[in-house]
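Engineer: Provided below: run.pdb, containing PDB, C-alpha atoms.
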ATOM      1  CA  MET A   1      58.381 -24.061 279.922
ATOM      2  CA  LYS A   2      57.417 -23.451 276.312
ATOM      3  CA  HIS A   3      58.254 -19.748 276.578
ATOM      4  CA  PRO A   4      60.579 -19.029 279.501
ATOM      5  CA  PRO A   5      60.494 -15.441 280.755
ATOM      6  CA  ALA A   6      63.242 -12.960 279.869
ATOM      7  CA  GLN A   7      63.996 -12.487 283.561
ATOM      8  CA  GLN A   8      65.802 -15.075 285.631
ATOM      9  CA  ALA A   9      64.205 -14.108 288.941
ATOM     10  CA  ALA A  10      61.339 -12.069 290.351
ATOM     11  CA  TRP A  11      61.222 -10.510 293.789
ATOM     12  CA  VAL A  12      57.728  -9.354 294.816
ATOM     13  CA  PRO A  13      57.429  -9.548 298.603
ATOM     14  CA  LEU A  14      53.953  -8.079 299.239
ATOM     15  CA  ARG A  15      50.369  -8.766 298.117
ATOM     16  CA  TYR A  16      48.497  -5.870 296.510
ATOM     17  CA  GLU A  17      45.557  -5.832 298.893
ATOM     18  CA  SER A  18      44.343  -4.167 302.063
ATOM     19  CA  ARG A  19      46.864  -1.832 303.713
ATOM     20  CA  VAL A  20      49.560  -2.435 301.117
ATOM     21  CA  ALA A  21      47.195  -1.474 298.279
ATOM     22  CA  ARG A  22      46.166   1.672 300.129
ATOM     23  CA  LEU A  23      49.800   2.573 300.818
ATOM     24  CA  ILE A  24      50.770   2.146 297.151
ATOM     25  CA  GLN A  25      47.717   4.097 295.982
ATOM     26  CA  ARG A  26      48.464   6.901 298.431
ATOM     27  CA  TYR A  27      52.008   7.084 297.107
ATOM     28  CA  LYS A  28      51.181   6.677 293.424
ATOM     29  CA  PHE A  29      48.058   8.805 293.086
ATOM     30  CA  SER A  30      48.586  11.403 295.829
ATOM     31  CA  ALA A  31      52.370  11.805 295.457
ATOM     32  CA  ASP A  32      52.767  11.041 299.156
ATOM     33  CA  ALA A  33      56.547  10.884 299.633
ATOM     34  CA  ARG A  34      56.167   9.429 303.139
ATOM     35  CA  ALA A  35      54.188   6.491 301.731
ATOM     36  CA  GLY A  36      56.880   6.065 299.071
ATOM     37  CA  GLU A  37      59.588   6.048 301.718
ATOM     38  CA  VAL A  38      57.698   3.346 303.651
ATOM     39  CA  LEU A  39      57.595   1.268 300.456
ATOM     40  CA  VAL A  40      61.338   1.705 299.949
ATOM     41  CA  GLN A  41      62.038   0.704 303.570
ATOM     42  CA  LEU A  42      59.811  -2.376 303.265
ATOM     43  CA  MET A  43      61.584  -3.416 300.085
ATOM     44  CA  LEU A  44      65.038  -2.911 301.575
ATOM     45  CA  ALA A  45      64.049  -5.023 304.577
ATOM     46  CA  THR A  46      62.981  -7.891 302.315
ATOM     47  CA  LEU A  47      65.972  -7.579 299.966
ATOM     48  CA  SER A  48      68.259  -8.693 302.772
ATOM     49  CA  ARG A  49      66.825 -12.185 302.093
ATOM     50  CA  SER A  50      66.874 -11.942 298.295
ATOM     51  CA  PRO A  51      69.215 -13.364 295.684
ATOM     52  CA  ASP A  52      71.788 -11.141 293.982
ATOM     53  CA  VAL A  53      69.822  -8.327 292.349
ATOM     54  CA  GLY A  54      72.410  -7.065 289.873
ATOM     55  CA  GLU A  55      74.727  -4.187 289.094
ATOM     56  CA  ALA A  56      72.267  -1.472 288.007
ATOM     57  CA  VAL A  57      68.638  -0.460 288.564
ATOM     58  CA  ILE A  58      66.208   0.255 285.730
ATOM     59  CA  GLY A  59      62.737   1.592 286.526
ATOM     60  CA  VAL A  60      59.786   0.996 284.229
ATOM     61  CA  PRO A  61      59.392   4.334 282.410
ATOM     62  CA  GLY A  62      56.099   6.052 283.116
ATOM     63  CA  GLN A  63      53.534   7.090 280.557
ATOM     64  CA  HIS A  64      54.215  10.719 279.612
ATOM     65  CA  GLU A  65      50.593  11.842 280.009
ATOM     66  CA  ARG A  66      50.036  10.059 283.344
ATOM     67  CA  THR A  67      53.375  11.287 284.658
ATOM     68  CA  ARG A  68      52.351  14.828 283.761
ATOM     69  CA  GLU A  69      48.965  14.362 285.477
ATOM     70  CA  ARG A  70      50.541  12.997 288.680
ATOM     71  CA  GLY A  71      53.364  15.521 288.635
ATOM     72  CA  PHE A  72      56.068  12.880 289.011
ATOM     73  CA  ASP A  73      57.232   9.523 287.661
ATOM     74  CA  HIS A  74      56.399   7.266 290.597
ATOM     75  CA  THR A  75      58.485   4.304 289.437
ATOM     76  CA  ALA A  76      61.550   6.439 288.667
ATOM     77  CA  TRP A  77      61.284   7.932 292.176
ATOM     78  CA  LEU A  78      61.228   4.466 293.772
ATOM     79  CA  ALA A  79      64.033   3.149 291.535
ATOM     80  CA  LYS A  80      66.308   6.103 292.328
ATOM     81  CA  ARG A  81      65.830   5.737 296.063
ATOM     82  CA  LEU A  82      66.374   1.982 296.000
ATOM     83  CA  ALA A  83      69.480   2.395 293.840
ATOM     84  CA  ALA A  84      70.919   5.048 296.171
ATOM     85  CA  ARG A  85      70.407   2.825 299.223
ATOM     86  CA  LEU A  86      71.848  -0.204 297.406
ATOM     87  CA  LYS A  87      74.739   1.915 296.051
ATOM     88  CA  MET A  88      73.899   0.993 292.470
ATOM     89  CA  PRO A  89      73.623   3.224 289.392
ATOM     90  CA  VAL A  90      70.278   3.956 287.753
ATOM     91  CA  ILE A  91      70.043   3.398 284.015
ATOM     92  CA  GLU A  92      67.031   4.862 282.278
ATOM     93  CA  ALA A  93      64.893   2.964 279.819
ATOM     94  CA  GLU A  94      62.633   4.712 277.339
ATOM     95  CA  ARG A  95      59.172   4.060 276.024
ATOM     96  CA  ARG A  96      59.172   3.446 272.298
ATOM     97  CA  ARG A  97      55.482   4.288 272.269
ATOM     98  CA  GLU A  98      52.729   5.286 274.623
ATOM     99  CA  THR A  99      50.520   2.361 275.577
ATOM    100  CA  PRO A 100      46.919   2.381 276.784
ATOM    101  CA  SER A 101      46.305   1.689 280.462
ATOM    102  CA  GLN A 102      46.616  -1.954 281.478
ATOM    103  CA  ARG A 103      43.613  -1.671 283.825
ATOM    104  CA  GLY A 104      40.847  -4.070 282.963
ATOM    105  CA  LEU A 105      42.894  -6.003 280.392
ATOM    106  CA  ASP A 106      43.319  -9.766 280.573
ATOM    107  CA  ARG A 107      46.746 -11.445 280.505
ATOM    108  CA  LEU A 108      47.022 -11.792 276.710
ATOM    109  CA  SER A 109      45.809  -8.226 276.070
ATOM    110  CA  ARG A 110      48.339  -6.910 278.585
ATOM    111  CA  GLN A 111      51.151  -8.779 276.845
ATOM    112  CA  ARG A 112      50.132  -7.417 273.447
ATOM    113  CA  ASN A 113      49.716  -3.905 274.845
ATOM    114  CA  VAL A 114      53.318  -3.623 276.081
ATOM    115  CA  LYS A 115      55.086  -5.824 273.522
ATOM    116  CA  HIS A 116      58.133  -3.908 272.179
ATOM    117  CA  ALA A 117      57.101  -0.867 274.245
ATOM    118  CA  PHE A 118      60.543  -0.257 275.791
ATOM    119  CA  THR A 119      64.131   0.264 274.760
ATOM    120  CA  VAL A 120      67.411   0.786 276.559
ATOM    121  CA  ALA A 121      69.778   3.040 274.609
ATOM    122  CA  GLN A 122      73.048   2.187 276.332
ATOM    123  CA  PRO A 123      74.859  -1.122 276.794
ATOM    124  CA  LEU A 124      73.978  -2.743 280.099
ATOM    125  CA  PRO A 125      76.132  -4.572 282.641
ATOM    126  CA  PRO A 126      75.703  -8.344 282.764
ATOM    127  CA  ALA A 127      73.167  -8.269 285.630
ATOM    128  CA  VAL A 128      70.411  -5.689 286.169
ATOM    129  CA  MET A 129      67.333  -5.181 288.319
ATOM    130  CA  VAL A 130      64.107  -3.905 286.719
ATOM    131  CA  VAL A 131      61.723  -2.108 289.113
ATOM    132  CA  ASP A 132      57.973  -1.434 289.032
ATOM    133  CA  ASP A 133      55.445  -0.707 291.763
ATOM    134  CA  VAL A 134      52.883  -3.483 291.199
ATOM    135  CA  MET A 135      53.090  -6.745 289.258
ATOM    136  CA  THR A 136      49.769  -7.990 287.946
ATOM    137  CA  THR A 137      50.449 -10.415 285.073
ATOM    138  CA  GLY A 138      54.124  -9.472 284.753
ATOM    139  CA  ALA A 139      53.682  -8.316 281.139
ATOM    140  CA  THR A 140      55.230  -4.869 281.661
ATOM    141  CA  LEU A 141      58.216  -6.214 283.563
ATOM    142  CA  GLU A 142      58.687  -8.958 280.957
ATOM    143  CA  SER A 143      58.645  -6.425 278.122
ATOM    144  CA  LEU A 144      61.291  -4.284 279.818
ATOM    145  CA  ALA A 145      63.336  -7.387 280.697
ATOM    146  CA  ILE A 146      63.410  -8.253 276.987
ATOM    147  CA  ALA A 147      64.662  -4.738 276.191
ATOM    148  CA  CYS A 148      67.362  -5.177 278.835
ATOM    149  CA  ARG A 149      68.463  -8.475 277.301
ATOM    150  CA  GLU A 150      68.607  -6.783 273.900
ATOM    151  CA  ALA A 151      70.865  -4.116 275.470
ATOM    152  CA  GLY A 152      73.313  -6.742 276.707
ATOM    153  CA  ALA A 153      72.123  -7.846 280.150
ATOM    154  CA  ARG A 154      72.527 -11.580 280.616
ATOM    155  CA  ARG A 155      70.693 -11.750 283.946
ATOM    156  CA  VAL A 156      67.576  -9.709 284.692
ATOM    157  CA  THR A 157      65.892  -9.733 288.084
ATOM    158  CA  VAL A 158      62.492  -8.071 288.201
ATOM    159  CA  LEU A 159      61.384  -6.412 291.372
ATOM    160  CA  ALA A 160      57.949  -5.061 292.269
ATOM    161  CA  PHE A 161      56.684  -3.933 295.630
ATOM    162  CA  ALA A 162      53.445  -5.930 295.475
ATOM    163  CA  ARG A 163      51.711  -8.589 293.405
ATOM    164  CA  THR A 164      48.034  -8.516 292.487
ATOM    165  CA  PRO A 165      46.448 -11.764 293.777
ATOM    166  CA  SER A 166      45.743 -14.032 290.783
ATOM    167  CA  ALA A 167      42.008 -14.178 291.535
ATOM    168  CA  ARG A 168      41.806 -10.424 290.768
ATOM    169  CA  ILE A 169      43.490 -10.605 287.327
TER
END
What would you get if you wrote out this structure as structure tokens?

Structural biologist:
Amino acid sequence: MKHPPAQQAAWVPLRYESRVARLIQRYKFSADARAGEVLVQLMLATLSRSPDVGEAVIGVPGQHERTRERGFDHTAWLAKRLAARLKMPVIEAERRRETPSQRGLDRLSRQRNVKHAFTVAQPLPPAVMVVDDVMTTGATLESLAIACREAGARRVTVLAFARTPSARI
């Protein structure tokens, strides 16, 4: 690879379509805790077959305005519940700047949009897991993985609940 990713592994067990898309949307946009709990249970069931995920969990920090509109940070909620079940600490990342929505952007525009968007203020353990709800191009997870590497992580595993099929990107 000309430009290998900052993460060493990605774990994205579901496709963002049909029932899974509706479940994620119900959780994310309607703050449906039951839908969120189903997502956590699905992820835990698939993680039993996954490689080592690390020593700490870091959720992709939400946009301040969208978090305010929704009334909660959906990714932080998922990350905290996964971490509790996996008996791992949660380490918070921060947004260096607010970024426009990724919706409708192509791969290169998404990468530019989130480049240098995140920072991690504290030193990290050698292996961490970065969590988001949906992976489309992977640009957001890659940007946070870079921030984790800058904070001392040597191995970053990215985890998302679902992947957007490539034909829809």

Engineer: Given the file shown, determine the residues that the PyMOL selection byres ((chain A and resi 128) around 7) selects; report them as a PyMOL selection string.

Structural biologist: chain A and resi 53-57+125-127+129-130+153+155-157

Engineer: For the provided coordinates, the residues matched by the PyMOL selection byres ((chain A and resi 122) around 10) should be stated as a list in words.

Structural biologist: Ile91, Glu92, Ala93, Thr119, Val120, Ala121, Pro123, Leu124, Pro125, Cys148, Ala151 and Gly152 of chain A

Engineer: Counting all atoms listed in the file, figure out which residue out of A:Thr140, A:Thr99, A:Thr75, A:Ser30 gets nearest to Gly62 of chain A.

Structural biologist: A:Thr75

Engineer: So what do you get for atom CA of Arg149 of chain A versus atom CA of Thr136 of chain A, distance-wise?

Structural biologist: 21.5 Å

Engineer: Can you work out the spacing between atom CA of Ala21 of chain A and atom CA of Ala162 of chain A in Å, to one decimal?

Structural biologist: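 Here the two named atoms are 8.2 Å from each other.
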
Engineer: So, counting all atoms listed in the file, which residue among A:Leu47, A:Leu159, A:Ala33, A:Ala79 is closest to Ala9 of chain A?

Structural biologist: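 Of A:Leu47, A:Leu159, A:Ala33, A:Ala79, the one nearest Ala9 of chain A, counting all atoms listed in the file, is A:Leu159.
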
Engineer: Hey, what comes out of the PyMOL selection byres ((chain A and resi 25-27) around 12) on this file? Could you write it as an NGL selection string?

Structural biologist: :A and (16-24 or 28-40 or 70 or 72-75 or 77-78 or 133-134 or 162)

Engineer: Just the number, please: distance in Å from atom CA of Val158 of chain A to atom CA of Ala84 of chain A, one decimal.

Structural biologist: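 Going from atom CA of Val158 of chain A over to atom CA of Ala84 of chain A, I get 17.5 Å.
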